[in-house]
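K.L.:
After the structure tokens below, expect a handful of questions from me.
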Amino acid sequence: MAEVTEDQVLDALKGVTDPDNGEDVVSLGMVSGLVVKDGNVGFAIEVDPERGPQLEPLRKAAEEAVDAVPGVLSVTAVLTAERQAGAQQPPPPQAQGLAPQGPAPHGAGPDAPLAPGVKHIVAIASGKGGVGKSTVAVNIALALTAAGHKTGMLDADIYGPSQPRMTGISGQPNSADGQTLDPMENYGLKVMSMGFLVAEDTPMIWRGPMVMSALQQMLRDVNWGELDIMIVDMPPGTGDAQLTMAQQVPLAGAVIVSTPQDIALLDTRKGLNMFRKVDVPVLGVVENMSYFKCPECGHESHIFSHGGAKLEAERLGIDFLGEVPLDIEIRETSDGGRPIVVSDPENEHAKTFRAIADRIWDKVNDEGAALGRKMPEIIVH
């Protein structure tokens, strides 16, 4: 099968007409951020901010037009409403359409506060992938819920969302008013993830600004309600998306997840320095896959070394929140959508997660005045 080209996509979009002026979206310069990779297509349609809520049919028509191109496997289009079409030097976009199907969350507008009803927002981060950050994040969130705190979970990993599977939630969120989305819920935990808005096997090939627009909307245009705390499962690494997220979200603090070996600890330092750069307090470090205890004989093996994260935390002057073992039950329950904190609450590992969650809760409350940050004012010239 011949590879899909950008010219083919643009030709298809020339058949999509702006309903207000009768010209096609390509001629009007409304198409931006076009990415074509292995038959997967992503692009943005730029519209005036006041028109955003009315143009969901236009976005859908654009997706359908491109989907009809031979060789196209998936299409993801978003509306961005940051400038008039064709204008020069656009400020950072505010995405006005997230879901490839169903109602798009246009809600409160780009100047509205992010998650105004949430008292504390805590990022669970890692300097690199593969350290079990999402498993730690979901168990912490569920431990906070079990402790009686009204808790939400934002899956900020746009490229590799895992929380729908880990929380055992499927389907798409509803929109009672056609403007904002209702978060999904299980085990008493409110959850929002890009994984609810696109098929699990659909690759996200958005550029950085589109990713940030989606994240902002999942905070601003979701009916989170009043929450005591929100856990943000951050993307792994310390790139532009992570740095921008740390800058634009009023985080009460961050928790860094690491494994004990030296290479992971190097990345832990990078993560710590990133948060320090944008004045986000690091609440502490969690050592995941800290040790392996044989279920038959009880012998403890240090597969990835042991204690490195604790020593690194002491060296860097931050708190060590706890160590979580490499254990098949933790992995199986998380992958199966019933994390160990809820599936086996009396398990010693569940108690470990609850103890870590309690330490986080104490920190954001006891030190709330020092840790809380207001949203930075962003001025575009």
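Residues in the structure tokens are named by chain (A, B, ... in the order shown) and by number from 1 within that chain; ligands are numbered from 1 in the order shown.
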Could you find all residues in stretch 217-369 of chain A that DSSP calls helix (DSSP H, G or I) from the backbone, and write them as a ChimeraX atom specification?

P.N.:
/A:217-220,240-248,262-277,308-316,328-335,340-343,348-366,368-369

K.L.:
For the residues in the current selection, export C-alpha atoms as a short mmCIF file (atom, residue, chain, number, x, y, z; two decimals), in the first residue's frame.

P.N.:
data_model
loop_
_atom_site.label_atom_id
_atom_site.label_comp_id
_atom_site.auth_asym_id
_atom_site.auth_seq_id
_atom_site.Cartn_x
_atom_site.Cartn_y
_atom_site.Cartn_z
CA GLN A 217 -8.46 21.30 28.65
CA MET A 218 -8.46 18.13 30.71
CA LEU A 219 -7.94 20.38 33.72
CA ARG A 220 -10.10 23.35 32.75
CA ASP A 240 9.42 20.35 26.87
CA ALA A 241 6.01 18.85 27.64
CA GLN A 242 7.01 18.02 31.21
CA LEU A 243 8.63 21.41 31.80
CA THR A 244 5.63 23.28 30.39
CA MET A 245 3.25 21.21 32.49
CA ALA A 246 5.26 22.05 35.60
CA GLN A 247 5.21 25.74 34.68
CA GLN A 248 1.54 26.09 33.79
CA ASP A 262 22.68 4.30 39.17
CA ILE A 263 21.33 5.07 35.68
CA ALA A 264 17.83 5.71 37.04
CA LEU A 265 19.22 7.89 39.83
CA LEU A 266 20.95 10.08 37.25
CA ASP A 267 17.57 10.75 35.70
CA THR A 268 16.09 11.34 39.15
CA ARG A 269 18.50 14.24 39.58
CA LYS A 270 17.36 15.65 36.24
CA GLY A 271 13.74 15.47 37.34
CA LEU A 272 14.53 17.15 40.64
CA ASN A 273 16.42 19.94 38.88
CA MET A 274 13.54 20.47 36.43
CA PHE A 275 11.05 21.04 39.25
CA ARG A 276 13.47 23.25 41.14
CA LYS A 277 13.94 25.33 38.00
CA GLY A 308 20.02 3.99 46.03
CA ALA A 309 17.01 6.29 45.92
CA LYS A 310 17.05 6.74 49.68
CA LEU A 311 20.73 7.64 49.66
CA GLU A 312 20.17 9.99 46.72
CA ALA A 313 17.30 11.68 48.54
CA GLU A 314 19.50 12.21 51.59
CA ARG A 315 22.27 13.57 49.41
CA LEU A 316 19.90 16.00 47.68
CA ILE A 328 4.12 -9.87 40.59
CA GLU A 329 0.92 -9.15 42.52
CA ILE A 330 1.46 -5.39 42.25
CA ARG A 331 2.00 -5.76 38.52
CA GLU A 332 -0.88 -8.12 37.87
CA THR A 333 -3.44 -6.16 39.86
CA SER A 334 -2.49 -2.86 38.21
CA ASP A 335 -2.50 -4.32 34.71
CA ILE A 340 -3.52 -3.77 45.00
CA VAL A 341 -4.66 -0.93 47.27
CA VAL A 342 -8.30 -1.77 46.43
CA SER A 343 -8.05 -5.46 45.50
CA GLU A 348 1.74 -5.43 53.08
CA HIS A 349 2.37 -3.70 49.74
CA ALA A 350 -1.00 -1.97 49.88
CA LYS A 351 -0.08 -0.75 53.36
CA THR A 352 3.18 0.62 51.93
CA PHE A 353 1.30 2.64 49.32
CA ARG A 354 -1.10 3.91 51.98
CA ALA A 355 1.80 5.02 54.15
CA ILE A 356 3.36 6.88 51.21
CA ALA A 357 0.00 8.52 50.43
CA ASP A 358 -0.38 9.60 54.06
CA ARG A 359 3.05 11.23 53.99
CA ILE A 360 2.13 13.12 50.81
CA TRP A 361 -1.18 14.25 52.32
CA ASP A 362 0.54 15.46 55.49
CA LYS A 363 3.09 17.39 53.46
CA VAL A 364 0.65 19.28 51.24
CA ASN A 365 -1.48 20.17 54.26
CA ASP A 366 1.13 20.89 56.93
CA GLY A 368 0.36 24.08 52.28
CA ALA A 369 1.09 27.76 52.68
#

K.L.:
Take atom CA of A:Gly195 and atom CA of A:Asp228 and report the distance between them in Å, one decimal.

P.N.:
24.0 Å

K.L.:
In Å, how far is it from atom CA of A:Ser170 to atom CA of A:Val131?

P.N.:
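For atom CA of A:Ser170 relative to atom CA of A:Val131, the distance reads 24.9 Å.
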
K.L.:
Please indicate the distance in Å from atom CA of A:Gly322 to atom CA of A:Asn288, rounded to one decimal place.

P.N.:
8.6 Å

K.L.:
Excluding A:Asp157 and any residue of its chain fewer than 2 positions from it, enumerate the residues within 10 Å of it, using only C-alpha atoms, and give them as a list in words.

P.N.:
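So the residues in contact are Ser134, Leu154, Asp155, Tyr159, Gly160, Pro161, Ser162, Gln163, Ser193, Met194, Gly195, Val211, Leu215, Val232, Asp233, Met234, Pro235, Pro236, Ala241 and Gln242 of chain A.
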
K.L.:
With N, CA and C atoms retained, write the just-selected residues as a PDB file, in the first residue's frame.

P.N.:
ATOM      1  N   SER A 134       3.452   5.002  36.715  1.00  0.00           N
ATOM      2  CA  SER A 134       1.990   4.985  36.639  1.00  0.00           C
ATOM      3  C   SER A 134       1.387   4.038  37.666  1.00  0.00           C
ATOM      4  N   LEU A 154      -5.393  12.768  37.045  1.00  0.00           N
ATOM      5  CA  LEU A 154      -5.214  13.222  35.669  1.00  0.00           C
ATOM      6  C   LEU A 154      -4.067  12.446  35.047  1.00  0.00           C
ATOM      7  N   ASP A 155      -4.362  11.711  33.988  1.00  0.00           N
ATOM      8  CA  ASP A 155      -3.338  10.982  33.241  1.00  0.00           C
ATOM      9  C   ASP A 155      -2.760  11.949  32.210  1.00  0.00           C
ATOM     10  N   TYR A 159       0.965  10.598  25.120  1.00  0.00           N
ATOM     11  CA  TYR A 159       1.453   9.637  24.135  1.00  0.00           C
ATOM     12  C   TYR A 159       1.290   8.188  24.582  1.00  0.00           C
ATOM     13  N   GLY A 160       1.251   7.970  25.890  1.00  0.00           N
ATOM     14  CA  GLY A 160       1.124   6.591  26.372  1.00  0.00           C
ATOM     15  C   GLY A 160       0.217   6.501  27.575  1.00  0.00           C
ATOM     16  N   PRO A 161      -1.057   6.882  27.421  1.00  0.00           N
ATOM     17  CA  PRO A 161      -1.970   6.855  28.577  1.00  0.00           C
ATOM     18  C   PRO A 161      -2.208   5.438  29.077  1.00  0.00           C
ATOM     19  N   SER A 162      -2.037   5.230  30.366  1.00  0.00           N
ATOM     20  CA  SER A 162      -2.187   3.887  30.936  1.00  0.00           C
ATOM     21  C   SER A 162      -3.253   3.816  32.021  1.00  0.00           C
ATOM     22  N   GLN A 163      -3.738   4.960  32.493  1.00  0.00           N
ATOM     23  CA  GLN A 163      -4.665   4.930  33.620  1.00  0.00           C
ATOM     24  C   GLN A 163      -6.031   4.332  33.294  1.00  0.00           C
ATOM     25  N   SER A 193      -8.317  10.970  31.148  1.00  0.00           N
ATOM     26  CA  SER A 193      -7.153  10.521  30.388  1.00  0.00           C
ATOM     27  C   SER A 193      -7.444  10.644  28.902  1.00  0.00           C
ATOM     28  N   MET A 194      -6.412  10.907  28.126  1.00  0.00           N
ATOM     29  CA  MET A 194      -6.562  10.877  26.677  1.00  0.00           C
ATOM     30  C   MET A 194      -6.977   9.481  26.215  1.00  0.00           C
ATOM     31  N   GLY A 195      -6.685   8.480  27.020  1.00  0.00           N
ATOM     32  CA  GLY A 195      -7.072   7.112  26.684  1.00  0.00           C
ATOM     33  C   GLY A 195      -8.577   6.914  26.631  1.00  0.00           C
ATOM     34  N   VAL A 211      -0.254  19.038  22.512  1.00  0.00           N
ATOM     35  CA  VAL A 211      -0.274  18.257  23.741  1.00  0.00           C
ATOM     36  C   VAL A 211      -0.635  19.141  24.929  1.00  0.00           C
ATOM     37  N   LEU A 215      -3.847  18.948  27.581  1.00  0.00           N
ATOM     38  CA  LEU A 215      -3.688  18.847  29.028  1.00  0.00           C
ATOM     39  C   LEU A 215      -4.429  19.971  29.749  1.00  0.00           C
ATOM     40  N   VAL A 232      -1.448  13.812  39.482  1.00  0.00           N
ATOM     41  CA  VAL A 232      -1.163  13.913  38.049  1.00  0.00           C
ATOM     42  C   VAL A 232      -0.089  12.891  37.696  1.00  0.00           C
ATOM     43  N   ASP A 233      -0.456  11.919  36.878  1.00  0.00           N
ATOM     44  CA  ASP A 233       0.509  10.942  36.367  1.00  0.00           C
ATOM     45  C   ASP A 233       1.236  11.601  35.205  1.00  0.00           C
ATOM     46  N   MET A 234       2.414  12.127  35.481  1.00  0.00           N
ATOM     47  CA  MET A 234       3.160  12.917  34.499  1.00  0.00           C
ATOM     48  C   MET A 234       3.764  12.025  33.422  1.00  0.00           C
ATOM     49  N   PRO A 235       4.026  12.598  32.227  1.00  0.00           N
ATOM     50  CA  PRO A 235       4.795  11.846  31.231  1.00  0.00           C
ATOM     51  C   PRO A 235       6.201  11.596  31.770  1.00  0.00           C
ATOM     52  N   PRO A 236       6.834  10.497  31.369  1.00  0.00           N
ATOM     53  CA  PRO A 236       8.206  10.254  31.837  1.00  0.00           C
ATOM     54  C   PRO A 236       9.188  11.208  31.164  1.00  0.00           C
ATOM     55  N   ALA A 241       7.371  19.059  27.150  1.00  0.00           N
ATOM     56  CA  ALA A 241       6.009  18.853  27.641  1.00  0.00           C
ATOM     57  C   ALA A 241       5.985  18.806  29.168  1.00  0.00           C
ATOM     58  N   GLN A 242       6.960  18.119  29.760  1.00  0.00           N
ATOM     59  CA  GLN A 242       7.010  18.015  31.214  1.00  0.00           C
ATOM     60  C   GLN A 242       7.315  19.383  31.844  1.00  0.00           C
TER      61      GLN A 242
END

K.L.:
Find the residues around A:Val122 up to 6 Å (only C-alpha atoms counted), leave out those fewer than 5 positions away in its own chain, and share them as a PyMOL selection string.

P.N.:
chain A and resi 231+251-254

K.L.:
Using only C-alpha atoms, which residues sit within 12 Å of A:Gln8 once same-chain residues fewer than 3 positions away are excluded, as a VMD selection string?

P.N.:
chain A and resid 2 to 5 11 to 15 34 36 39 41 65 to 72
